[in-house]
Each structure stands twice: as C-alpha cells, then as structure tokens.
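Take a look at the structure below.
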Amino acid sequence: MIQLYAWDTPNGRKISVALEEMGLTYRVEPVDITKGRQFDPAFLAISPNNRIPAIVDAEGPDGAPISVFESGAILVYLAEKTGLFLPPSGRGRVQVMEWLMWQMGGFGPMPGQVHHFLSVAEADRAYGLARYSKETHRLYGVLDRRLAQVAYVAGPLSVADFAILGWAWRHERHQVDLADYPQVRRWYDRMMERPAVQRGFAVPLS
Ligand SMILES: N[C@@H](CCC(=O)N[C@@H](CS)C(=O)NCC(=O)O)C(=O)O
C-alpha cells in the first residue's frame with residue numbers, strides 16, 4: 001500500500017494519474033496547503049521542502065518503508081517499482097528523462113508564476129504576468145513542435161506525459177488556448193480519453 005500525500009493541484013494530479021495508470025493500490029492523505037498543513041512536523045519529516053506531493057511506500061526497494069518527495073522523483077520511483085512508463089536504460093530512458101526534467105524545470109514553474117501573478121493586486125501584476133505568460137507560451141510552442149514528431153513526448157507513453165499533463169490540465173487558468181497549439185490539443189485529448197487518467201483526475205485529493 002502506498003500513501004499519497006497530496007492536494008488538488010497539478011503536481012498532486014501527476015501522481016494520482018501515474019498511480020492509476022500503473023494499477024497500484026494507494027490511499028490519499030490530503031494535505032490542505034491552503035491551511036498550512038504542509039508545515040506540520042509529521043509532513044515535513046517526509047517532505048522537507050514543505051510541498052506536496054509526497055508518497056510513503058510501505059514496501060520500499062529493500063522491503064522496508066520509504067518516503068519520496070518531489071513529483072519527478074516520485075514518478076521515477078514508481079516507474080522503477082513497476083517497470084512501467086520508463087525504459088530501464090538506453091535512448092528511450094534518456095528521452096523520458098529529458099522531457100520529465102523539461103517539465104520539472106519549466107512547464108510547471110512558469111505557468112505556476114502566471115497563476116500567482118493573476119492572483120495579486122493589479123498594480124503589482126503587469127511585469128510578472130507578461131514575463132511568465134511569454135515564457136509559458138514559449139514552452140507550449142516547444143511542446144507543440146515536439147508533438148508534431150511523436151505521439152507522446154518521449155515516443156511511447158511515459159511518466160513524462162503524466163508530468164506534463166498535470167500542468168496542461170490547468171491551461172485555462174494560465175490563459176492558454178489549446179486551439180493555438182493543435183498538436184498539444186491532440187495529445188491532451190488523447191491523454192484525457194484514457195480511463196486511468198480520468199480516474200487519476202477524479203480521485204478526491206482534498
Ligand atoms: N518541485 C515540486 C513542486 C511542488 C509544489 O510546488 N507543490 C505545491 C502545490 S502544486 C505546494 O505544495 N505548495 C505549498 C507551498 O507553497 O507551501 C514538485 O514537483 O513536487
């Protein structure tokens with residue numbers, strides 16, 4: 001049994017989608033980040049950066065419990081545990097890692113800043129919103145060009161798609177119209193048609 005510490009956010013949804021796609025049994029432990037529960041000492045013991053998501057797997061690699069924080073590390077951990085959605089070596093693995101790191105370093109932090117600047121007083125908004133919106137659109141363009149060449153970001157369906165999907169799910173909130181990115185639209189619709197993805201987005205996280 002895996003415990004998923006999460007909230008209903010892009011980074012939380014990446015993991016619920018992955019757990020469903022991998023067919024793993026898990027229990028959700030909601031961490032209400034709107035009430036500061038991410039600073040509770042018990043949560044900090046497994047997630048020292050006071051962010052969701054985190055997991056505790058009662059059966060770690062050596063049979064003993066293990067906790068994992070950072071969504072990218074969790075996705076790699078779960079993929080290696082199950083042998084799914086991440087090749088064990090070679091070029092295929094490199095491509096998954098490239099696109100997973102691309103998401104973790106950009107396609108998440110940048111739209112996240114758009115969400116932030118949309119929420120601040122108008123007087124404080126203009127520079128930050130313009131800067132991070134421009135960068136968010138650049139990243140959607142990168143993704144669109146990639147998806148013109150391949151069905152999924154790393155070729156076969158992988159944990160990198162789950163990571164990117166968590167943020168693309170919020171495209172309306174960061175004011176991106178998928179009609180401007182037709183390859184992303186095609187990929188997004190195809191991903192969202194998957195029954196396990198639908199379960200991953202439906203499971204209550206809050
Ligand atoms: N790099 C981290 C980012 C996680 C993150 O930013 N989580 C947000 C919710 S999506 C959070 O927990 N925020 C609480 C806070 O800022 O204190 C990951 O991918 O796991």
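Labeling convention for the structure tokens: chains A, B, ... as they appear, residues from 1 per chain, ligands from 1 in order of appearance.
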
For this session: Using DSSP on the backbone, list every residue of stretch 20-165 of chain A that comes out as helix (DSSP H, G or I), and give them as a PyMOL selection string.
Result: chain A and resi 20-22+37-39+41-44+71-82+90-105+109-119+122-124+126-147+159-165

Problem set entry | Residues near stretch 29-44 of chain A, cut-off 6 Å, only C-alpha atoms, skip fewer than 2 positions along chain, as a list in words | Leu4, Tyr5, Ala6, Trp7, Ile46, Ser47, Pro48, Asn50, Leu205 and Ser206 of chain A

Problem set entry | Spatial neighbours of A:Leu78, max dist 12 Å, only C-alpha atoms, sep filter under 3 positions, as a VMD selection string | chain A and resid 2 4 14 to 26 54 to 57 59 to 61 66 to 69 71 to 75 81 to 86 158 to 159

For this session: Determine, counting only C-alpha atoms, which protein, DNA and RNA residues have an atom within 8 Å of an atom of stretch 184-196 of chain A; residues of the same chain fewer than 6 positions away are not included. Present the result as a list in words.
Result: Val17, Glu20, Glu21, Tyr140, Leu143, Asp144, Leu147, Ala151, Tyr152, Leu165, Ala168 and Leu178 of chain A

For this session: Go through stretch 21-137 of chain A and collect every residue that DSSP, computed from the backbone, puts in strand (DSSP E or B); the answer should be as a list of chain:residue names.
Result: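 Filtering stretch 21-137 of chain A to strand (DSSP E or B) leaves A:Tyr26, A:Arg27, A:Val28, A:Glu29, A:Pro30, A:Ala54, A:Ile55, A:Val56, A:Asp57, A:Ile66, A:Ser67, A:Val68, A:Phe69.
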
Exercise. Between A:Asp124, A:Asp180, A:Glu70, A:Asp62, which one has atoms that come closest to A:Gly12, using only C-alpha atoms?
Worked result: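 Using only C-alpha atoms, the shortest distance to A:Gly12 belongs to A:Glu70.
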
Problem set entry | Exercise: A:Thr136 partners within 8 Å, only C-alpha atoms, chain neighbours under 2 positions left out, as a list in words | Phe107, Met110, Pro111, Tyr132, Ser133, Lys134, Arg138, Leu139 and Tyr140 of chain A

Could you turn the residues from that selection into a file that holds N, CA, C and O atoms, as a PDB file, in the first residue's frame?
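After the write, out_38.pdb holds the following:
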```pdb
ATOM      1  N   PHE A 107       7.919  23.725 -17.465  1.00  0.00           N
ATOM      2  CA  PHE A 107       6.482  23.603 -17.731  1.00  0.00           C
ATOM      3  C   PHE A 107       5.747  23.213 -16.440  1.00  0.00           C
ATOM      4  O   PHE A 107       5.287  22.087 -16.264  1.00  0.00           O
ATOM      5  N   MET A 110       6.851  27.901 -14.619  1.00  0.00           N
ATOM      6  CA  MET A 110       6.474  29.126 -15.373  1.00  0.00           C
ATOM      7  C   MET A 110       4.958  29.359 -15.352  1.00  0.00           C
ATOM      8  O   MET A 110       4.509  30.435 -14.947  1.00  0.00           O
ATOM      9  N   PRO A 111       4.131  28.385 -15.756  1.00  0.00           N
ATOM     10  CA  PRO A 111       2.688  28.616 -15.612  1.00  0.00           C
ATOM     11  C   PRO A 111       2.279  28.841 -14.165  1.00  0.00           C
ATOM     12  O   PRO A 111       1.316  29.578 -13.888  1.00  0.00           O
ATOM     13  N   TYR A 132       6.043  35.903 -17.406  1.00  0.00           N
ATOM     14  CA  TYR A 132       5.801  34.466 -17.254  1.00  0.00           C
ATOM     15  C   TYR A 132       4.780  33.942 -18.252  1.00  0.00           C
ATOM     16  O   TYR A 132       4.830  32.762 -18.626  1.00  0.00           O
ATOM     17  N   SER A 133       3.887  34.807 -18.738  1.00  0.00           N
ATOM     18  CA  SER A 133       2.971  34.381 -19.811  1.00  0.00           C
ATOM     19  C   SER A 133       3.752  34.129 -21.092  1.00  0.00           C
ATOM     20  O   SER A 133       3.521  33.142 -21.794  1.00  0.00           O
ATOM     21  N   LYS A 134       4.691  35.016 -21.368  1.00  0.00           N
ATOM     22  CA  LYS A 134       5.510  34.849 -22.582  1.00  0.00           C
ATOM     23  C   LYS A 134       6.278  33.526 -22.510  1.00  0.00           C
ATOM     24  O   LYS A 134       6.336  32.766 -23.487  1.00  0.00           O
ATOM     25  N   ARG A 138       5.987  30.199 -24.814  1.00  0.00           N
ATOM     26  CA  ARG A 138       7.162  29.613 -25.476  1.00  0.00           C
ATOM     27  C   ARG A 138       7.232  28.103 -25.226  1.00  0.00           C
ATOM     28  O   ARG A 138       7.467  27.306 -26.134  1.00  0.00           O
ATOM     29  N   LEU A 139       6.967  27.715 -23.973  1.00  0.00           N
ATOM     30  CA  LEU A 139       7.031  26.293 -23.623  1.00  0.00           C
ATOM     31  C   LEU A 139       5.939  25.494 -24.336  1.00  0.00           C
ATOM     32  O   LEU A 139       6.178  24.368 -24.796  1.00  0.00           O
ATOM     33  N   TYR A 140       4.742  26.049 -24.437  1.00  0.00           N
ATOM     34  CA  TYR A 140       3.686  25.368 -25.203  1.00  0.00           C
ATOM     35  C   TYR A 140       4.105  25.206 -26.672  1.00  0.00           C
ATOM     36  O   TYR A 140       3.788  24.201 -27.317  1.00  0.00           O
TER      37      TYR A 140
END
```

For this session: Would you kindly return, as number ranges by chain, each protein, DNA or RNA residue with an atom no farther than 12 Å from any atom of stretch 113-116 of chain A, considering only C-alpha atoms and excluding same-chain residues fewer than 6 positions away?
Result: A: 9-10, 106-107, 122, 124-137, 167, 170-176

Save the residues we just selected, N, CA, C and O atoms, as a compact mmCIF listing (two decimals), in the first residue's frame?
```txt
# COMPACT_ATOMS: atom_id res chain seq x y z
N THR A 9 -3.98 19.80 -7.02
CA THR A 9 -3.15 20.74 -7.78
C THR A 9 -2.45 19.97 -8.91
O THR A 9 -2.42 18.73 -8.89
N PRO A 10 -1.85 20.68 -9.87
CA PRO A 10 -1.15 19.99 -10.96
C PRO A 10 -0.11 18.97 -10.46
O PRO A 10 -0.05 17.85 -10.97
N GLY A 106 10.56 23.81 -16.11
CA GLY A 106 9.92 24.91 -16.83
C GLY A 106 8.41 24.83 -16.91
O GLY A 106 7.70 25.74 -16.47
N PHE A 107 7.92 23.73 -17.47
CA PHE A 107 6.48 23.60 -17.73
C PHE A 107 5.75 23.21 -16.44
O PHE A 107 5.29 22.09 -16.26
N GLU A 122 -3.76 44.29 -9.07
CA GLU A 122 -3.46 44.69 -10.44
C GLU A 122 -2.20 45.57 -10.53
O GLU A 122 -1.41 45.45 -11.47
N ASP A 124 0.48 45.31 -9.00
CA ASP A 124 1.71 44.52 -8.89
C ASP A 124 1.86 43.49 -10.02
O ASP A 124 2.79 42.69 -10.01
N ARG A 125 0.94 43.51 -10.96
CA ARG A 125 0.79 42.36 -11.85
C ARG A 125 1.56 42.45 -13.17
O ARG A 125 2.11 41.45 -13.63
N ALA A 126 1.61 43.62 -13.79
CA ALA A 126 1.90 43.70 -15.23
C ALA A 126 3.22 43.06 -15.64
O ALA A 126 3.24 42.21 -16.54
N TYR A 127 4.33 43.44 -14.97
CA TYR A 127 5.63 42.93 -15.44
C TYR A 127 5.72 41.41 -15.29
O TYR A 127 6.08 40.69 -16.22
N GLY A 128 5.37 40.93 -14.10
CA GLY A 128 5.49 39.49 -13.84
C GLY A 128 4.56 38.68 -14.74
O GLY A 128 4.96 37.64 -15.27
N LEU A 129 3.34 39.16 -14.92
CA LEU A 129 2.39 38.42 -15.75
C LEU A 129 2.87 38.36 -17.20
O LEU A 129 2.83 37.30 -17.83
N ALA A 130 3.38 39.49 -17.71
CA ALA A 130 3.84 39.50 -19.10
C ALA A 130 5.05 38.55 -19.26
O ALA A 130 5.12 37.76 -20.21
N ARG A 131 5.97 38.64 -18.31
CA ARG A 131 7.19 37.81 -18.40
C ARG A 131 6.86 36.32 -18.37
O ARG A 131 7.31 35.55 -19.21
N TYR A 132 6.04 35.90 -17.41
CA TYR A 132 5.80 34.47 -17.25
C TYR A 132 4.78 33.94 -18.25
O TYR A 132 4.83 32.76 -18.63
N SER A 133 3.89 34.81 -18.74
CA SER A 133 2.97 34.38 -19.81
C SER A 133 3.75 34.13 -21.09
O SER A 133 3.52 33.14 -21.79
N LYS A 134 4.69 35.02 -21.37
CA LYS A 134 5.51 34.85 -22.58
C LYS A 134 6.28 33.53 -22.51
O LYS A 134 6.34 32.77 -23.49
N GLU A 135 6.87 33.27 -21.37
CA GLU A 135 7.64 32.04 -21.20
C GLU A 135 6.73 30.80 -21.26
O GLU A 135 7.10 29.78 -21.86
N THR A 136 5.55 30.91 -20.69
CA THR A 136 4.61 29.79 -20.74
C THR A 136 4.22 29.49 -22.19
O THR A 136 4.21 28.32 -22.61
N HIS A 137 3.94 30.53 -22.96
CA HIS A 137 3.60 30.32 -24.37
C HIS A 137 4.78 29.74 -25.14
O HIS A 137 4.60 28.89 -26.02
N TRP A 167 0.06 19.78 -15.61
CA TRP A 167 0.06 21.24 -15.82
C TRP A 167 -0.81 21.65 -17.00
O TRP A 167 -1.50 22.68 -16.94
N ARG A 170 -4.32 22.57 -16.41
CA ARG A 170 -4.65 23.92 -15.94
C ARG A 170 -4.44 24.99 -17.02
O ARG A 170 -4.25 26.17 -16.70
N HIS A 171 -4.51 24.59 -18.31
CA HIS A 171 -4.19 25.56 -19.37
C HIS A 171 -5.12 26.77 -19.33
O HIS A 171 -4.68 27.89 -19.59
N GLU A 172 -6.39 26.55 -18.98
CA GLU A 172 -7.30 27.72 -18.95
C GLU A 172 -6.88 28.69 -17.85
O GLU A 172 -6.93 29.91 -18.04
N ARG A 173 -6.44 28.14 -16.73
CA ARG A 173 -6.05 29.02 -15.62
C ARG A 173 -4.82 29.85 -15.98
O ARG A 173 -4.71 31.00 -15.55
N HIS A 174 -3.88 29.28 -16.74
CA HIS A 174 -2.74 30.13 -17.14
C HIS A 174 -2.97 30.76 -18.51
O HIS A 174 -2.03 31.20 -19.17
N GLN A 175 -4.22 30.82 -18.91
CA GLN A 175 -4.68 31.62 -20.06
C GLN A 175 -4.04 31.18 -21.37
O GLN A 175 -3.61 32.00 -22.17
N VAL A 176 -3.98 29.87 -21.56
CA VAL A 176 -3.51 29.31 -22.83
C VAL A 176 -4.70 28.67 -23.53
O VAL A 176 -5.43 27.88 -22.91
```

Exercise. Could you work out how far atom CA of A:Trp102 lies from atom 3 (C, counted along the ligand's line) of ligand 1, giving the answer in Å with one decimal?
Worked result: 13.5 Å

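Comparing the minimum interatomic distances between ligand 1 and each of A:Ile52, A:Ala79, A:Ile164, A:Ala58, counting only C-alpha atoms and all ligand atoms, we find that A:Ile52 sits nearest.
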
For this session: For A:Pro87, list every protein, DNA or RNA residue within 12 Å, evaluated using only C-alpha atoms, and leave out those in the same chain fewer than 6 positions away; present the list as a PyMOL selection string.
Result: chain A and resi 76+79-81+93-97+154-160

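A straight line drawn from atom CA of A:Gly90 to atom CA of A:Met104 is 21.3 Å long.
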
For this session: Find, counting only C-alpha atoms and all ligand atoms, the residue in A:Arg27, A:Arg51, A:Arg146, A:Arg13 that gets nearest to ligand 1.
Result: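 Selected residue with least distance to ligand 1: A:Arg51.
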